[in-house]
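Q: Dropping in protein-v3.cif, which is mmCIF, C-alpha atoms:
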```cif
data_run
#
loop_
_atom_site.label_atom_id
_atom_site.label_comp_id
_atom_site.auth_asym_id
_atom_site.auth_seq_id
_atom_site.Cartn_x
_atom_site.Cartn_y
_atom_site.Cartn_z
CA MET L 1 -77.73 50.62 -87.45
CA SER L 2 -81.42 50.39 -86.70
CA GLY L 3 -82.11 47.73 -84.06
CA ILE L 4 -78.53 46.39 -84.08
CA THR L 5 -76.43 47.05 -81.01
CA ARG L 6 -72.70 46.78 -80.75
CA ARG L 7 -73.16 43.92 -78.26
CA SER L 8 -75.36 41.87 -80.64
CA LEU L 9 -73.03 42.57 -83.55
CA MET L 10 -70.01 41.39 -81.53
CA ARG L 11 -71.86 38.31 -80.21
CA ASN L 12 -72.97 37.30 -83.71
CA SER L 13 -69.49 37.92 -85.09
CA ALA L 14 -67.96 35.76 -82.36
CA LEU L 15 -70.40 32.91 -83.10
CA THR L 16 -69.63 33.12 -86.80
CA ALA L 17 -65.89 33.11 -86.15
CA THR L 18 -66.16 30.17 -83.76
CA SER L 19 -68.19 28.06 -86.16
CA SER L 20 -65.75 28.77 -88.97
CA LEU L 21 -62.92 27.36 -86.83
CA LEU L 22 -64.64 24.01 -86.25
CA PRO L 23 -63.37 21.06 -88.27
CA ALA L 24 -65.64 20.38 -91.21
CA SER L 25 -66.45 16.93 -89.83
CA LEU L 26 -67.89 18.48 -86.65
CA ALA L 27 -69.45 21.55 -88.15
CA GLY L 28 -71.58 19.53 -90.54
CA ALA L 29 -72.01 16.40 -88.46
CA ALA L 30 -75.63 17.04 -87.60
CA THR L 31 -76.63 17.99 -91.14
CA SER L 32 -74.52 15.60 -93.17
CA THR L 33 -76.53 13.62 -95.70
CA THR L 34 -73.64 11.49 -96.95
CA PRO L 35 -74.54 7.92 -96.02
CA SER L 36 -71.93 5.77 -94.35
CA HIS L 37 -71.96 2.15 -95.39
CA ASN L 38 -69.82 0.76 -92.56
CA VAL L 39 -71.41 -1.79 -90.28
CA PHE L 40 -70.27 -2.28 -86.69
CA HIS L 41 -70.57 -5.64 -84.93
CA VAL L 42 -70.56 -5.20 -81.15
CA PHE L 43 -70.51 -8.13 -78.72
CA ALA L 44 -70.16 -8.79 -75.02
CA PHE L 45 -69.70 -12.03 -73.08
CA GLN L 46 -70.61 -13.26 -69.65
CA TRP L 47 -68.21 -16.15 -69.11
CA ASN L 48 -69.59 -19.35 -67.62
CA PRO L 49 -67.85 -20.42 -64.38
CA GLU L 50 -66.02 -23.31 -66.11
CA ALA L 51 -64.26 -20.98 -68.59
CA THR L 52 -60.53 -20.94 -67.88
CA ASP L 53 -58.13 -18.03 -68.23
CA ALA L 54 -56.47 -19.93 -71.08
CA GLN L 55 -59.78 -20.16 -72.94
CA LYS L 56 -60.41 -16.45 -72.41
CA GLU L 57 -56.95 -15.66 -73.80
CA LYS L 58 -57.57 -17.99 -76.74
CA ALA L 59 -60.84 -16.16 -77.51
CA THR L 60 -59.00 -12.84 -77.56
CA HIS L 61 -56.27 -14.27 -79.79
CA ASP L 62 -58.66 -15.99 -82.19
CA ILE L 63 -60.92 -12.94 -82.58
CA ARG L 64 -57.91 -10.66 -83.21
CA ALA L 65 -56.65 -13.17 -85.81
CA PHE L 66 -59.73 -12.49 -87.95
CA GLN L 67 -58.15 -9.14 -88.85
CA GLY L 68 -56.45 -9.53 -92.21
CA SER L 69 -57.97 -12.95 -92.89
CA ILE L 70 -61.66 -12.08 -93.27
CA PRO L 71 -62.48 -9.93 -96.31
CA GLY L 72 -64.24 -6.66 -95.52
CA LEU L 73 -63.20 -6.62 -91.85
CA LEU L 74 -61.64 -3.18 -91.38
CA GLU L 75 -61.02 -3.04 -87.62
CA THR L 76 -61.12 -5.38 -84.64
CA HIS L 77 -61.02 -4.27 -81.01
CA VAL L 78 -61.45 -6.89 -78.30
CA GLY L 79 -60.66 -7.28 -74.61
CA PRO L 80 -61.83 -7.15 -71.01
CA ASN L 81 -64.75 -4.85 -70.21
CA ILE L 82 -63.49 -2.06 -67.95
CA SER L 83 -66.90 -0.48 -67.31
CA PRO L 84 -68.31 -0.69 -63.78
CA ARG L 85 -71.76 -0.81 -65.44
CA GLY L 86 -71.14 -4.04 -67.35
CA LYS L 87 -73.90 -6.09 -65.66
CA GLY L 88 -71.71 -9.20 -65.65
CA TYR L 89 -70.46 -8.81 -69.22
CA THR L 90 -66.72 -8.90 -68.56
CA PHE L 91 -65.39 -9.25 -72.12
CA GLY L 92 -66.33 -7.66 -75.41
CA GLY L 93 -65.40 -6.22 -78.72
CA ILE L 94 -66.20 -4.07 -81.68
CA MET L 95 -65.58 -4.98 -85.30
CA ARG L 96 -66.02 -2.62 -88.25
CA PHE L 97 -66.97 -4.02 -91.64
CA THR L 98 -67.12 -2.34 -95.03
CA ASP L 99 -70.83 -3.12 -95.37
CA GLN L 100 -73.62 -5.53 -94.46
CA ALA L 101 -72.47 -8.08 -97.05
CA ALA L 102 -69.02 -8.25 -95.41
CA LEU L 103 -70.63 -8.81 -91.99
CA ASP L 104 -72.86 -11.53 -93.45
CA ALA L 105 -69.80 -13.22 -94.98
CA TYR L 106 -67.96 -13.03 -91.63
CA VAL L 107 -70.82 -14.81 -89.86
CA LYS L 108 -70.48 -17.75 -92.29
CA HIS L 109 -66.67 -17.66 -92.57
CA PRO L 110 -64.99 -20.98 -91.58
CA SER L 111 -62.68 -19.26 -89.05
CA HIS L 112 -65.64 -17.68 -87.27
CA GLN L 113 -67.60 -20.93 -87.34
CA ALA L 114 -64.60 -22.79 -85.84
CA LEU L 115 -64.43 -20.24 -83.01
CA LEU L 116 -68.13 -20.65 -82.25
CA VAL L 117 -67.80 -24.45 -81.87
CA TRP L 118 -65.70 -24.21 -78.72
CA LEU L 119 -66.66 -20.72 -77.50
CA VAL L 120 -70.49 -20.80 -77.44
CA PRO L 121 -70.67 -23.41 -74.63
CA LEU L 122 -68.53 -21.10 -72.44
CA ILE L 123 -70.47 -17.84 -72.75
CA ASN L 124 -73.71 -15.99 -72.52
CA ALA L 125 -73.39 -13.38 -75.25
CA ILE L 126 -75.15 -10.30 -76.50
CA GLU L 127 -74.57 -8.93 -80.00
CA LEU L 128 -75.51 -5.72 -81.76
CA ASP L 129 -75.01 -4.82 -85.41
CA LEU L 130 -75.14 -1.13 -86.29
CA ASN L 131 -75.11 0.83 -89.53
CA ALA L 132 -73.02 3.89 -88.88
#
```
Written as C-alpha cells, how would this file's structure read?
A:
Amino acid sequence: MSGITRRSLMRNSALTATSSLLPASLAGAATSTTPSHNVFHVFAFQWNPEATDAQKEKATHDIRAFQGSIPGLLETHVGPNISPRGKGYTFGGIMRFTDQAALDAYVKHPSHQALLVWLVPLINAIELDLNA
C-alpha cells in the first residue's frame, strides 16, 4: 500500500459511501445537462392605499381560479408575503408553466386580461419570468 494510509482509505471509502446514498436528483444536480422547459412567473404587489381587503381577497381568488382554466399552467401559489425583507411588497405569487409559449398565452388569455383591468390601478407590481 505505497502512499496509502488506513486513514485516507477509510476517509475516501466514507465519502464514496455517502455520495452513493444521496438521491440521484441531488447527486447529479450540479452536473445535470437535461434541460428543463418549465417557466416560472413570479410577481409581487405593493397595494395602493385605496385597495380594500375585499379587493385583495378577490385578487387571490381570481389568480387561483386560473389553475385548471389556463392551458399550460401547472401550478399556482399566491398569498400574503410573510418575509420581513419584502420592501413594501405585501402580496405575491409563483406560477409554473409548461414552457414559454404557455406563459405567453397566459399573458393574452381573456381571464388574465379581465383581472388586469381592475387590478392594475390598485398595485405597484414587479414581475420576473424564469426558465428553470
Q: Please evaluate the PyMOL selection byres ((chain L and resi 127) around 7) against the structure above and give the resulting residues as number ranges by chain.
A: L: 42-44, 125-126, 128-129
Q: Using Å and a single decimal, report how far CA of Leu115 in chain L sits from CA of His37 in chain L.
A: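 These two atoms are separated by 26.7 Å.
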Q: Neighbours of range 61-64 of chain L within 12 Å (all atoms listed in the file; same-chain residues fewer than 6 positions away dropped), as number ranges by chain?
A: L: 43, 54-55, 70, 73-79, 91-95, 106, 111-116, 118-119
Q: Please return, as a short mmCIF file (atom, residue, chain, number, x, y, z; two decimals) with C-alpha atoms, keeping the file's coordinate frame, all polymer residues that have at least one atom within 6 Å of the point (-73.6, -14.1, -69.5); use only C-alpha atoms and the file's own coordinate frame.
A:
```cif
data_model
loop_
_atom_site.label_atom_id
_atom_site.label_comp_id
_atom_site.auth_asym_id
_atom_site.auth_seq_id
_atom_site.Cartn_x
_atom_site.Cartn_y
_atom_site.Cartn_z
CA PHE L 45 -69.70 -12.03 -73.08
CA GLN L 46 -70.61 -13.26 -69.65
CA TRP L 47 -68.21 -16.15 -69.11
CA ILE L 123 -70.47 -17.84 -72.75
CA ASN L 124 -73.71 -15.99 -72.52
CA ALA L 125 -73.39 -13.38 -75.25
#
```
Q: Expand the PyMOL selection byres ((chain L and resi 71) around 12) into the explicit residue set it covers here, and present it as a VMD selection string.
A: chain L and resid 66 to 70 72 to 75 96 to 99 101 to 109 111
Q: What is the CA of Val39 in chain L-CA of Ile82 in chain L distance in Å, reported with one decimal?
A: 23.7 Å
Q: Quote the spacing between CA of Lys58 in chain L and CA of Asn131 in chain L in Å to one decimal place.
A: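 These two atoms are separated by 28.7 Å.
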Q: Please write out, as JSON, where the centre of an axis-aligned box around all listed atoms of range 53-62 of chain L lies and how long its edges are, in Å to one decimal, after adding 3 Å on each side.
A:
```
{"center_x": -58.6, "center_y": -16.5, "center_z": -75.2, "size_x": 10.6, "size_y": 13.3, "size_z": 20.0}
```
Q: Could range 74-85 of chain L be completed with N, CA and C atoms and written as an mmCIF file, in the coordinates of the input, please?
A:
```cif
data_model
loop_
_atom_site.group_PDB
_atom_site.id
_atom_site.type_symbol
_atom_site.label_atom_id
_atom_site.label_comp_id
_atom_site.auth_asym_id
_atom_site.auth_seq_id
_atom_site.Cartn_x
_atom_site.Cartn_y
_atom_site.Cartn_z
ATOM 1 N N LEU L 74 -62.537 -4.329 -91.385
ATOM 2 C CA LEU L 74 -61.640 -3.180 -91.380
ATOM 3 C C LEU L 74 -60.922 -2.983 -90.053
ATOM 4 N N GLU L 75 -61.604 -3.252 -88.944
ATOM 5 C CA GLU L 75 -61.020 -3.040 -87.620
ATOM 6 C C GLU L 75 -61.552 -4.083 -86.651
ATOM 7 N N THR L 76 -60.713 -4.464 -85.706
ATOM 8 C CA THR L 76 -61.120 -5.380 -84.640
ATOM 9 C C THR L 76 -60.546 -4.868 -83.324
ATOM 10 N N HIS L 77 -61.418 -4.681 -82.358
ATOM 11 C CA HIS L 77 -61.020 -4.270 -81.010
ATOM 12 C C HIS L 77 -61.690 -5.235 -80.047
ATOM 13 N N VAL L 78 -60.909 -5.869 -79.193
ATOM 14 C CA VAL L 78 -61.450 -6.890 -78.300
ATOM 15 C C VAL L 78 -60.655 -6.903 -76.992
ATOM 16 N N GLY L 79 -61.354 -7.182 -75.886
ATOM 17 C CA GLY L 79 -60.660 -7.280 -74.610
ATOM 18 C C GLY L 79 -61.596 -7.228 -73.431
ATOM 19 N N PRO L 80 -61.015 -7.189 -72.230
ATOM 20 C CA PRO L 80 -61.830 -7.150 -71.010
ATOM 21 C C PRO L 80 -62.673 -5.870 -70.953
ATOM 22 N N ASN L 81 -63.874 -5.997 -70.427
ATOM 23 C CA ASN L 81 -64.750 -4.850 -70.210
ATOM 24 C C ASN L 81 -64.263 -4.117 -68.970
ATOM 25 N N ILE L 82 -63.981 -2.840 -69.087
ATOM 26 C CA ILE L 82 -63.490 -2.060 -67.950
ATOM 27 C C ILE L 82 -64.580 -1.183 -67.338
ATOM 28 N N SER L 83 -65.794 -1.296 -67.836
ATOM 29 C CA SER L 83 -66.900 -0.480 -67.310
ATOM 30 C C SER L 83 -67.418 -1.058 -65.997
ATOM 31 N N PRO L 84 -67.675 -0.198 -65.014
ATOM 32 C CA PRO L 84 -68.310 -0.690 -63.780
ATOM 33 C C PRO L 84 -69.811 -0.945 -63.965
ATOM 34 N N ARG L 85 -70.336 -0.627 -65.139
ATOM 35 C CA ARG L 85 -71.760 -0.810 -65.440
ATOM 36 C C ARG L 85 -71.993 -1.989 -66.377
#
```
